[in-house]
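Below: entry.txt (compact mmCIF, C-alpha atoms)
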# COMPACT_ATOMS: atom_id res chain seq x y z
CA MET A 426 51.77 -20.28 15.99
CA PHE A 427 52.50 -21.38 12.44
CA GLU A 428 49.25 -19.67 11.48
CA LEU A 429 50.96 -16.33 12.22
CA LEU A 430 53.51 -17.05 9.48
CA LEU A 431 51.53 -15.80 6.51
CA GLY A 432 52.29 -16.65 2.91
CA ARG A 433 50.94 -18.57 -0.07
CA ASN A 434 54.17 -18.51 -2.05
CA PRO A 435 55.20 -22.12 -2.89
CA ALA A 436 58.72 -21.72 -1.48
CA PHE A 437 57.34 -20.27 1.75
CA GLN A 438 54.75 -23.02 2.03
CA ALA A 439 57.54 -25.60 1.60
CA LEU A 440 59.43 -23.89 4.43
CA LEU A 441 56.38 -24.13 6.71
CA ARG A 442 55.98 -27.83 5.98
CA ASP A 443 59.65 -28.43 6.83
CA ALA A 444 59.32 -26.32 9.97
CA GLN A 445 56.30 -28.27 11.18
CA THR A 446 58.29 -31.49 10.75
CA ALA A 447 61.30 -29.95 12.51
CA ALA A 448 59.16 -28.80 15.45
CA ALA A 449 58.43 -32.39 16.43
CA ALA A 450 62.10 -33.41 16.36
CA ASN A 451 64.12 -32.76 19.51
CA VAL A 452 67.23 -31.59 17.68
CA THR A 453 69.04 -28.33 17.02
CA VAL A 454 67.64 -26.10 14.27
CA LEU A 455 69.52 -23.43 12.31
CA VAL A 456 67.26 -20.74 10.84
CA ALA A 457 68.83 -18.66 8.09
CA GLY A 458 67.33 -15.58 6.53
CA GLU A 459 67.85 -11.91 5.89
CA THR A 460 67.06 -9.26 8.47
CA GLY A 461 63.33 -8.81 8.93
CA THR A 462 62.20 -12.12 7.43
CA GLY A 463 60.68 -13.43 10.68
CA LYS A 464 63.33 -15.75 12.11
CA GLU A 465 62.29 -15.19 15.73
CA LEU A 466 58.62 -15.77 14.94
CA LEU A 467 59.58 -19.05 13.29
CA ALA A 468 61.64 -20.02 16.36
CA GLN A 469 58.66 -19.32 18.61
CA ALA A 470 56.47 -21.50 16.39
CA LEU A 471 59.02 -24.32 16.56
CA HIS A 472 58.89 -24.16 20.36
CA HIS A 473 55.12 -23.92 20.68
CA HIS A 474 54.58 -26.90 18.38
CA SER A 475 57.18 -29.07 20.09
CA ALA A 476 56.98 -31.42 23.06
CA ARG A 477 58.68 -28.63 25.05
CA ALA A 478 55.84 -26.15 24.56
CA ALA A 479 54.87 -26.10 28.25
CA LYS A 480 58.47 -25.39 29.30
CA PRO A 481 60.38 -22.06 29.17
CA TYR A 482 61.31 -20.26 25.99
CA ALA A 483 64.28 -17.89 26.30
CA THR A 484 66.07 -15.67 23.80
CA LEU A 485 69.50 -14.12 23.45
CA ASN A 486 70.63 -11.78 20.69
CA CYS A 487 74.33 -12.55 20.43
CA ALA A 488 75.08 -9.26 18.67
CA ALA A 489 73.34 -7.09 21.26
CA ILE A 490 75.49 -7.89 24.29
CA ALA A 491 79.02 -6.81 25.12
CA GLU A 492 81.61 -9.50 24.46
CA GLY A 493 82.76 -9.43 28.09
CA LEU A 494 79.24 -10.18 29.33
CA ALA A 495 78.22 -12.73 26.72
CA GLU A 496 79.52 -15.76 28.63
CA SER A 497 77.65 -14.92 31.82
CA GLU A 498 74.50 -14.07 29.85
CA LEU A 499 74.59 -17.47 28.21
CA PHE A 500 75.96 -19.75 30.94
CA GLY A 501 75.30 -17.77 34.11
CA HIS A 502 77.76 -16.70 36.80
CA ARG A 503 78.52 -16.98 40.47
CA ARG A 504 78.29 -13.99 42.78
CA GLY A 505 81.60 -12.14 42.84
CA ALA A 506 82.87 -13.78 39.65
CA PHE A 507 83.56 -10.35 38.15
CA THR A 508 83.06 -6.68 38.91
CA GLY A 509 79.37 -5.94 39.23
CA ALA A 510 78.35 -9.55 39.85
CA ASP A 511 76.53 -8.77 43.11
CA ALA A 512 74.32 -11.85 42.88
CA ASP A 513 74.30 -15.22 41.16
CA GLY A 514 73.24 -15.06 37.51
CA THR A 515 71.10 -17.83 36.07
CA GLY A 516 72.08 -17.43 32.42
CA ARG A 517 69.79 -18.04 29.45
CA LEU A 518 70.58 -21.76 29.12
CA ARG A 519 69.55 -22.52 32.69
CA ALA A 520 66.54 -20.18 32.36
CA ALA A 521 65.37 -22.28 29.41
CA HIS A 522 65.88 -25.65 31.17
CA GLY A 523 63.43 -28.17 29.77
CA GLY A 524 62.47 -25.82 26.97
CA THR A 525 64.01 -23.90 24.08
CA LEU A 526 66.70 -21.24 23.76
CA PHE A 527 66.66 -19.02 20.68
CA LEU A 528 70.12 -17.68 19.84
CA ASP A 529 69.73 -14.86 17.34
CA GLU A 530 72.70 -13.67 15.23
CA VAL A 531 74.72 -16.66 16.41
CA ASP A 532 77.43 -15.69 13.90
CA SER A 533 78.35 -12.82 16.25
CA LEU A 534 79.66 -15.14 18.99
CA ALA A 535 83.33 -14.68 19.85
CA PRO A 536 85.62 -17.68 19.15
CA ALA A 537 86.04 -18.54 22.87
CA LEU A 538 82.29 -18.57 23.36
CA GLN A 539 81.81 -20.67 20.24
CA ALA A 540 84.01 -23.33 21.84
CA LYS A 541 81.96 -23.31 25.05
CA LEU A 542 78.68 -23.48 23.15
CA LEU A 543 80.06 -26.45 21.22
CA ARG A 544 80.90 -28.18 24.50
CA PHE A 545 77.32 -27.68 25.70
CA LEU A 546 75.90 -29.12 22.49
CA GLU A 547 78.17 -32.17 22.78
CA SER A 548 77.78 -32.86 26.50
CA GLY A 549 74.65 -31.04 27.68
CA GLU A 550 76.78 -29.46 30.39
CA ILE A 551 77.57 -25.85 31.21
CA GLN A 552 80.03 -24.20 33.58
CA PRO A 553 78.85 -20.84 34.95
CA VAL A 554 81.47 -18.12 35.22
CA GLY A 555 83.25 -18.36 38.57
CA GLU A 556 82.29 -21.97 39.24
CA THR A 557 84.50 -25.05 38.98
CA ALA A 558 81.71 -27.61 38.71
CA THR A 559 79.58 -28.23 35.65
CA ARG A 560 75.79 -28.47 35.53
CA LYS A 561 73.52 -30.55 33.32
CA VAL A 562 71.01 -28.52 31.32
CA ASP A 563 68.26 -29.87 29.08
CA VAL A 564 67.66 -27.27 26.38
CA ARG A 565 66.80 -27.40 22.72
CA LEU A 566 68.74 -24.82 20.74
CA VAL A 567 67.28 -22.87 17.84
CA ALA A 568 69.98 -20.65 16.31
CA ALA A 569 69.47 -17.97 13.69
CA THR A 570 71.74 -16.04 11.38
CA ASN A 571 71.50 -13.52 8.55
CA ALA A 572 75.09 -14.27 7.56
CA ASP A 573 76.52 -16.93 5.27
CA LEU A 574 77.90 -19.25 7.94
CA GLU A 575 79.59 -21.53 5.41
CA ALA A 576 81.53 -18.54 4.09
CA ARG A 577 82.45 -17.53 7.62
CA VAL A 578 83.69 -21.06 8.29
CA ALA A 579 85.81 -20.91 5.13
CA CYS A 580 87.32 -17.60 6.31
CA GLY A 581 88.07 -18.98 9.76
CA LEU A 582 85.57 -16.67 11.46
CA PHE A 583 83.25 -19.43 12.66
CA ARG A 584 84.11 -22.88 13.95
CA ALA A 585 83.35 -25.64 11.45
CA ASP A 586 82.54 -28.15 14.20
CA LEU A 587 80.04 -25.75 15.78
CA TYR A 588 78.47 -25.02 12.41
CA TYR A 589 77.82 -28.71 11.82
CA ARG A 590 76.41 -29.07 15.33
CA LEU A 591 74.00 -26.20 14.72
CA ASN A 592 73.07 -27.19 11.18
CA VAL A 593 71.30 -30.44 12.06
CA LEU A 594 67.95 -29.23 10.70
CA PRO A 595 68.49 -26.16 8.48
CA LEU A 596 65.56 -23.89 7.61
CA HIS A 597 65.89 -20.97 5.21
CA ILE A 598 63.29 -18.21 5.11
CA PRO A 599 63.07 -16.69 1.60
CA PRO A 600 63.30 -12.89 1.42
CA LEU A 601 60.16 -10.95 0.58
CA ARG A 602 61.50 -9.95 -2.85
CA GLN A 603 61.26 -13.64 -3.79
CA ARG A 604 57.64 -13.73 -2.60
CA PRO A 605 55.93 -10.87 -4.48
CA ASP A 606 52.69 -12.85 -4.56
CA ASP A 607 52.58 -12.67 -0.75
CA VAL A 608 52.76 -8.87 -0.57
CA PRO A 609 48.96 -8.30 -0.90
CA LEU A 610 48.19 -10.90 1.76
CA LEU A 611 50.72 -9.48 4.20
CA ALA A 612 49.82 -5.85 3.50
CA SER A 613 46.12 -6.53 4.05
CA HIS A 614 46.88 -8.39 7.27
CA PHE A 615 48.95 -5.52 8.63
CA MET A 616 46.36 -2.92 7.66
CA ARG A 617 43.67 -4.85 9.56
CA LEU A 618 46.01 -5.28 12.51
CA PHE A 619 46.87 -1.60 12.81
CA ALA A 620 43.35 -0.38 12.09
CA ALA A 621 42.20 -2.42 15.08
CA ARG A 622 45.15 -1.35 17.24
CA TYR A 623 44.67 2.37 16.62
CA GLN A 624 40.87 2.15 16.38
CA ARG A 625 40.75 3.59 12.89
CA ARG A 626 38.87 2.65 9.75
CA GLU A 627 40.78 0.15 7.62
CA ALA A 628 42.42 1.55 4.50
CA GLY A 629 42.50 -0.27 1.16
CA PHE A 630 45.07 -0.32 -1.65
CA SER A 631 44.71 0.62 -5.29
CA VAL A 632 45.92 -2.12 -7.62
CA GLU A 633 48.59 0.25 -8.93
CA ALA A 634 49.92 0.67 -5.40
CA LEU A 635 50.00 -3.08 -4.82
CA ILE A 636 51.88 -3.66 -8.06
CA CYS A 637 54.46 -1.07 -6.97
CA MET A 638 54.76 -2.80 -3.63
CA ALA A 639 55.10 -6.23 -5.20
CA GLU A 640 57.85 -5.02 -7.54
CA TYR A 641 59.79 -3.33 -4.73
CA ALA A 642 62.79 -5.29 -3.38
CA TRP A 643 61.94 -4.76 0.34
CA PRO A 644 65.52 -4.78 1.74
CA GLY A 645 64.02 -4.75 5.25
CA ASN A 646 61.69 -7.61 4.30
CA ILE A 647 58.49 -8.15 6.30
CA ARG A 648 59.60 -5.78 9.05
CA GLU A 649 59.87 -2.98 6.50
CA LEU A 650 56.47 -3.82 4.98
CA ARG A 651 54.92 -3.85 8.44
CA ASN A 652 56.36 -0.41 9.21
CA VAL A 653 55.05 1.02 5.93
CA CYS A 654 51.59 -0.38 6.61
CA GLU A 655 51.59 1.03 10.13
CA ARG A 656 52.26 4.53 8.80
CA LEU A 657 49.58 4.16 6.14
CA ALA A 658 47.06 2.81 8.65
CA ILE A 659 47.58 5.94 10.75
CA PHE A 660 47.75 8.63 8.06
CA ARG A 661 45.39 7.14 5.43
CA ALA A 662 42.75 5.59 7.70
CA GLY A 663 39.64 4.64 5.72
CA GLU A 664 41.14 5.89 2.46
CA LEU A 665 42.31 4.29 -0.75
CA VAL A 666 46.11 4.11 -0.70
CA GLY A 667 47.47 5.08 -4.10
CA VAL A 668 50.94 5.13 -5.62
CA GLY A 669 51.47 8.70 -4.43
CA ASP A 670 50.86 7.66 -0.83
CA LEU A 671 53.69 5.13 -0.80
CA PRO A 672 57.11 6.02 0.66
CA PRO A 673 59.52 7.58 -1.86
CA GLU A 674 61.83 4.56 -1.78
CA ILE A 675 59.10 2.51 -3.50
CA PRO A 676 59.28 3.49 -7.19
CA GLY A 677 56.38 3.65 -9.64
CA TYR A 678 55.35 0.40 -11.22
CA SER A 679 56.92 -0.73 -14.51
CA ARG A 680 54.02 -2.87 -15.79
CA PRO A 681 50.90 -0.67 -15.49
CA TYR A 682 48.50 -3.04 -17.25
CA GLY A 683 49.47 -6.45 -16.00
CA PRO A 684 49.99 -8.06 -12.59
CA VAL A 685 53.25 -9.47 -11.34
CA ALA A 686 53.61 -13.17 -12.12
CA GLY A 687 51.76 -15.23 -9.55
CA PHE A 688 50.06 -12.12 -8.16
CA PRO A 689 46.39 -12.92 -7.43
CA VAL A 690 44.70 -9.60 -8.21
CA LYS A 691 41.00 -9.00 -7.62
CA ALA A 692 40.01 -5.38 -8.07
CA HIS A 693 36.76 -3.62 -7.35
CA GLY A 694 35.63 -0.19 -8.41
CA ARG A 695 35.85 2.08 -11.39
CA GLY A 696 38.60 1.20 -13.85
CA ALA A 697 39.38 -2.12 -12.18
CA ALA A 698 39.54 -4.13 -15.40
CA GLY A 699 42.57 -2.20 -16.59
CA PHE A 700 44.05 -1.62 -13.12
CA GLY A 701 43.12 2.03 -13.49
CA GLY A 702 42.08 3.09 -10.01
CA GLY A 703 40.59 -0.18 -8.74
CA LYS A 704 40.55 -0.93 -5.03
CA TYR A 705 42.12 -4.11 -3.73
CA ARG A 706 40.72 -6.13 -0.86
CA MET A 707 41.89 -9.56 0.18
CA ASN A 708 39.19 -12.23 0.15

Go through the file and emit its structure as structure tokens.
Amino acid sequence: MFELLLGRNPAFQALLRDAQTAAAANVTVLVAGETGTGKELLAQALHHHSARAAKPYATLNCAAIAEGLAESELFGHRRGAFTGADADGTGRLRAAHGGTLFLDEVDSLAPALQAKLLRFLESGEIQPVGETATRKVDVRLVAATNADLEARVACGLFRADLYYRLNVLPLHIPPLRQRPDDVPLLASHFMRLFAARYQRREAGFSVEALICMAEYAWPGNIRELRNVCERLAIFRAGELVGVGDLPPEIPGYSRPYGPVAGFPVKAHGRGAAGFGGGKYRMN
């Protein structure tokens, strides 16, 4: 699945090399990166390229569940342990036995749950809610965060001992604004993807449009770029996407006659030599 993580940027390529090495190691991985950078896709690649690939892969977004239910979601529960517990609950750790559990937004865990997760990492044992006995579980943990965990540790919001347990193999995904040379590759990939999905002719980009896109900060990162390309694939099918077709949050380019540094431009069509109306296609 590493082939789905697209990018030629040197920093991103270094990340992929580190991730491929980490995949083979049966230790905890902490993936850091801004929202929309592809942390879950990287976690899936780590699992599928590990010795656990044939075993289950489970996920839990720690910020998306109510605090009162988080413990049972993670560790499971016994029937009758709390109101609404009409049957035994497996929990994500037991569901991932033998395989990998991806904990997204791990910084959102409440302090009491941080302590119990630490115990699991130290002993390999869990205690479902409502049970007195512990159970052994064999799970590799891949945790992800878009927060500065070291800063949260310094503020007393995250346990230092848990942070060090999670941070055995750290991987940091660079934001898209630090990878402007990857914007054409990603944009072209998404346009092909959505043209096929919606059975429409594939649109191309003018060089001016690509320069605007490469200079844009992309606060939503790859997720935002994907959404933009999906809209363009639907509304500009088979057309040349120009600057005026881009969303209003993407401003006009500031360097009209020169590419962004490290930006591999190949233009075709009238005016291509001066970036004046050329059409960009990835080779």

(request) Using only C-alpha atoms, find the one residue out of A:Ser533, A:Thr462, A:Asn646, A:Gln603 that sits nearest to Ala495 in chain A. (result) A:Ser533

(request) Name all residues at most 10 Å from Cys487 in chain A (count only C-alpha atoms; drop same-chain ones fewer than 6 positions away) and give them as a list in words. (result)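 Counting only C-alpha atoms, the residues come to Ala495, Glu498, Leu499, Leu528, Asp529, Glu530, Val531, Asp532, Ser533, Leu534, Ala535 and Ala569 of chain A.
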
(message) When you count all atoms listed in the file, which of these residues is closest to Leu471 in chain A: A:His614, A:Arg656, A:His522, A:Arg565?
(response) A:Arg565

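Between CA of Ala483 in chain A and CA of Thr557 in chain A the interatomic distance comes to 24.9 Å.
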
Determine the axis-aligned bounding box of all atoms of range 486-495 of chain A present in the file, pad each side by 3 Å, and express its centre and edge lengths in Å to one decimal place as AutoDock Vina command-line options.
--center_x 76.7 --center_y -9.8 --center_z 24.0 --size_x 18.1 --size_y 11.9 --size_z 16.7

(message) Counting only C-alpha atoms, which residue out of A:Cys637, A:Leu594, A:Ala479, A:Ile675 sits closest to Ala448 in chain A?
(response)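 Selected residue with least distance to Ala448 in chain A: A:Leu594.
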
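Shortest atom-to-atom contact with Phe619 in chain A among A:Val554, A:Val593, A:Val653, A:Leu587: A:Val653, counting only C-alpha atoms.
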
(message) Could you tell me how far CA of Asn652 in chain A sits from CA of Val666 in chain A, in Å to one decimal place?
(response)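 Rounded to one decimal, the two atoms are 15.0 Å apart.
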
(request) Please provide as a list in words all residues within 8 Å of Pro536 in chain A, with the sequence filter that same-chain residues fewer than 6 positions apart are discarded (counting only C-alpha atoms). (result)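 Once the adjacent positions are removed, what remains is Leu582, Phe583 and Arg584 of chain A.
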
(request) One decimal, Å: what's the distance from CA of Gln445 in chain A over to CA of Leu431 in chain A, could you say? (result) 14.1 Å

(message) Between A:Phe630, A:Gly516, A:Arg625, A:Met426, which residue has the minimum interatomic distance to Ala478 in chain A, considering all atoms listed in the file?
(response)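 Among A:Phe630, A:Gly516, A:Arg625, A:Met426, it is A:Met426 that comes nearest to Ala478 in chain A.
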
(message) Just checking: using all atoms listed in the file, which residue out of A:Leu526, A:Leu538, A:Leu518, A:Ile636 ends up closest to Val562 in chain A?
(response)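 The answer is A:Leu518, which sits nearest to Val562 in chain A.
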
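Taking all atoms listed in the file into account, the protein, DNA and RNA residues within 10 Å of (79.7, -23.3, 8.8) read Asp532, Asp573, Leu574, Glu575, Ala576, Arg577, Val578, Ala579, Cys580, Gly581, Leu582, Phe583, Arg584, Ala585, Asp586, Leu587, Tyr588, Tyr589, Arg590, Leu591 and Asn592 of chain A.
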
Could you save the residues just selected, with C-alpha atoms, as a PDB file, keeping the file's coordinate frame?
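Dumped to result20.pdb:
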ATOM      1  CA  ASP A 532      77.430 -15.690  13.900  1.00  0.00           C
ATOM      2  CA  ASP A 573      76.520 -16.930   5.270  1.00  0.00           C
ATOM      3  CA  LEU A 574      77.900 -19.250   7.940  1.00  0.00           C
ATOM      4  CA  GLU A 575      79.590 -21.530   5.410  1.00  0.00           C
ATOM      5  CA  ALA A 576      81.530 -18.540   4.090  1.00  0.00           C
ATOM      6  CA  ARG A 577      82.450 -17.530   7.620  1.00  0.00           C
ATOM      7  CA  VAL A 578      83.690 -21.060   8.290  1.00  0.00           C
ATOM      8  CA  ALA A 579      85.810 -20.910   5.130  1.00  0.00           C
ATOM      9  CA  CYS A 580      87.320 -17.600   6.310  1.00  0.00           C
ATOM     10  CA  GLY A 581      88.070 -18.980   9.760  1.00  0.00           C
ATOM     11  CA  LEU A 582      85.570 -16.670  11.460  1.00  0.00           C
ATOM     12  CA  PHE A 583      83.250 -19.430  12.660  1.00  0.00           C
ATOM     13  CA  ARG A 584      84.110 -22.880  13.950  1.00  0.00           C
ATOM     14  CA  ALA A 585      83.350 -25.640  11.450  1.00  0.00           C
ATOM     15  CA  ASP A 586      82.540 -28.150  14.200  1.00  0.00           C
ATOM     16  CA  LEU A 587      80.040 -25.750  15.780  1.00  0.00           C
ATOM     17  CA  TYR A 588      78.470 -25.020  12.410  1.00  0.00           C
ATOM     18  CA  TYR A 589      77.820 -28.710  11.820  1.00  0.00           C
ATOM     19  CA  ARG A 590      76.410 -29.070  15.330  1.00  0.00           C
ATOM     20  CA  LEU A 591      74.000 -26.200  14.720  1.00  0.00           C
ATOM     21  CA  ASN A 592      73.070 -27.190  11.180  1.00  0.00           C
TER      22      ASN A 592
END

Quick one: residues within 12 Å of Asp670 in chain A, only C-alpha atoms counted, chain neighbours fewer than 5 positions away excluded, as a PDB file with C-alpha atoms, in the frame of the given file?
ATOM      1  CA  ALA A 628      42.420   1.550   4.500  1.00  0.00           C
ATOM      2  CA  GLY A 629      42.500  -0.270   1.160  1.00  0.00           C
ATOM      3  CA  PHE A 630      45.070  -0.320  -1.650  1.00  0.00           C
ATOM      4  CA  SER A 631      44.710   0.620  -5.290  1.00  0.00           C
ATOM      5  CA  GLU A 633      48.590   0.250  -8.930  1.00  0.00           C
ATOM      6  CA  ALA A 634      49.920   0.670  -5.400  1.00  0.00           C
ATOM      7  CA  LEU A 635      50.000  -3.080  -4.820  1.00  0.00           C
ATOM      8  CA  CYS A 637      54.460  -1.070  -6.970  1.00  0.00           C
ATOM      9  CA  MET A 638      54.760  -2.800  -3.630  1.00  0.00           C
ATOM     10  CA  VAL A 653      55.050   1.020   5.930  1.00  0.00           C
ATOM     11  CA  CYS A 654      51.590  -0.380   6.610  1.00  0.00           C
ATOM     12  CA  ARG A 656      52.260   4.530   8.800  1.00  0.00           C
ATOM     13  CA  LEU A 657      49.580   4.160   6.140  1.00  0.00           C
ATOM     14  CA  ALA A 658      47.060   2.810   8.650  1.00  0.00           C
ATOM     15  CA  PHE A 660      47.750   8.630   8.060  1.00  0.00           C
ATOM     16  CA  ARG A 661      45.390   7.140   5.430  1.00  0.00           C
ATOM     17  CA  ALA A 662      42.750   5.590   7.700  1.00  0.00           C
ATOM     18  CA  GLU A 664      41.140   5.890   2.460  1.00  0.00           C
ATOM     19  CA  LEU A 665      42.310   4.290  -0.750  1.00  0.00           C
ATOM     20  CA  ILE A 675      59.100   2.510  -3.500  1.00  0.00           C
ATOM     21  CA  PRO A 676      59.280   3.490  -7.190  1.00  0.00           C
ATOM     22  CA  GLY A 677      56.380   3.650  -9.640  1.00  0.00           C
TER      23      GLY A 677
END

Generate the coordinates of N, CA, C and O atoms for range 577-590 of chain A; report them as a PDB file, in the coordinates of the input.
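Dumped to rebuild03.pdb:
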ATOM      1  N   ARG A 577      81.721 -17.918   6.420  1.00  0.00           N
ATOM      2  CA  ARG A 577      82.450 -17.530   7.620  1.00  0.00           C
ATOM      3  C   ARG A 577      83.341 -18.681   8.119  1.00  0.00           C
ATOM      4  O   ARG A 577      84.438 -18.451   8.632  1.00  0.00           O
ATOM      5  N   VAL A 578      82.853 -19.893   7.955  1.00  0.00           N
ATOM      6  CA  VAL A 578      83.690 -21.060   8.290  1.00  0.00           C
ATOM      7  C   VAL A 578      84.918 -21.097   7.388  1.00  0.00           C
ATOM      8  O   VAL A 578      86.046 -21.306   7.845  1.00  0.00           O
ATOM      9  N   ALA A 579      84.710 -20.881   6.088  1.00  0.00           N
ATOM     10  CA  ALA A 579      85.810 -20.910   5.130  1.00  0.00           C
ATOM     11  C   ALA A 579      86.850 -19.835   5.421  1.00  0.00           C
ATOM     12  O   ALA A 579      88.042 -20.031   5.161  1.00  0.00           O
ATOM     13  N   CYS A 580      86.395 -18.705   5.987  1.00  0.00           N
ATOM     14  CA  CYS A 580      87.320 -17.600   6.310  1.00  0.00           C
ATOM     15  C   CYS A 580      87.919 -17.736   7.701  1.00  0.00           C
ATOM     16  O   CYS A 580      88.704 -16.883   8.126  1.00  0.00           O
ATOM     17  N   GLY A 581      87.552 -18.779   8.425  1.00  0.00           N
ATOM     18  CA  GLY A 581      88.070 -18.980   9.760  1.00  0.00           C
ATOM     19  C   GLY A 581      87.415 -18.123  10.823  1.00  0.00           C
ATOM     20  O   GLY A 581      87.936 -17.993  11.931  1.00  0.00           O
ATOM     21  N   LEU A 582      86.258 -17.532  10.512  1.00  0.00           N
ATOM     22  CA  LEU A 582      85.570 -16.670  11.460  1.00  0.00           C
ATOM     23  C   LEU A 582      84.539 -17.412  12.294  1.00  0.00           C
ATOM     24  O   LEU A 582      84.032 -16.862  13.283  1.00  0.00           O
ATOM     25  N   PHE A 583      84.224 -18.631  11.914  1.00  0.00           N
ATOM     26  CA  PHE A 583      83.250 -19.430  12.660  1.00  0.00           C
ATOM     27  C   PHE A 583      83.728 -20.874  12.659  1.00  0.00           C
ATOM     28  O   PHE A 583      84.183 -21.386  11.632  1.00  0.00           O
ATOM     29  N   ARG A 584      83.610 -21.508  13.813  1.00  0.00           N
ATOM     30  CA  ARG A 584      84.110 -22.880  13.950  1.00  0.00           C
ATOM     31  C   ARG A 584      83.306 -23.836  13.066  1.00  0.00           C
ATOM     32  O   ARG A 584      82.065 -23.860  13.111  1.00  0.00           O
ATOM     33  N   ALA A 585      84.025 -24.662  12.306  1.00  0.00           N
ATOM     34  CA  ALA A 585      83.350 -25.640  11.450  1.00  0.00           C
ATOM     35  C   ALA A 585      82.596 -26.658  12.282  1.00  0.00           C
ATOM     36  O   ALA A 585      81.457 -27.043  11.938  1.00  0.00           O
ATOM     37  N   ASP A 586      83.198 -27.123  13.397  1.00  0.00           N
ATOM     38  CA  ASP A 586      82.540 -28.150  14.200  1.00  0.00           C
ATOM     39  C   ASP A 586      81.261 -27.615  14.843  1.00  0.00           C
ATOM     40  O   ASP A 586      80.256 -28.327  14.944  1.00  0.00           O
ATOM     41  N   LEU A 587      81.259 -26.338  15.236  1.00  0.00           N
ATOM     42  CA  LEU A 587      80.040 -25.750  15.780  1.00  0.00           C
ATOM     43  C   LEU A 587      78.989 -25.579  14.696  1.00  0.00           C
ATOM     44  O   LEU A 587      77.794 -25.828  14.927  1.00  0.00           O
ATOM     45  N   TYR A 588      79.409 -25.172  13.519  1.00  0.00           N
ATOM     46  CA  TYR A 588      78.470 -25.020  12.410  1.00  0.00           C
ATOM     47  C   TYR A 588      77.728 -26.323  12.137  1.00  0.00           C
ATOM     48  O   TYR A 588      76.499 -26.335  11.992  1.00  0.00           O
ATOM     49  N   TYR A 589      78.463 -27.423  12.102  1.00  0.00           N
ATOM     50  CA  TYR A 589      77.820 -28.710  11.820  1.00  0.00           C
ATOM     51  C   TYR A 589      76.928 -29.148  12.966  1.00  0.00           C
ATOM     52  O   TYR A 589      75.925 -29.835  12.743  1.00  0.00           O
ATOM     53  N   ARG A 590      77.262 -28.756  14.195  1.00  0.00           N
ATOM     54  CA  ARG A 590      76.410 -29.070  15.330  1.00  0.00           C
ATOM     55  C   ARG A 590      75.108 -28.272  15.290  1.00  0.00           C
ATOM     56  O   ARG A 590      74.051 -28.756  15.693  1.00  0.00           O
TER      57      ARG A 590
END
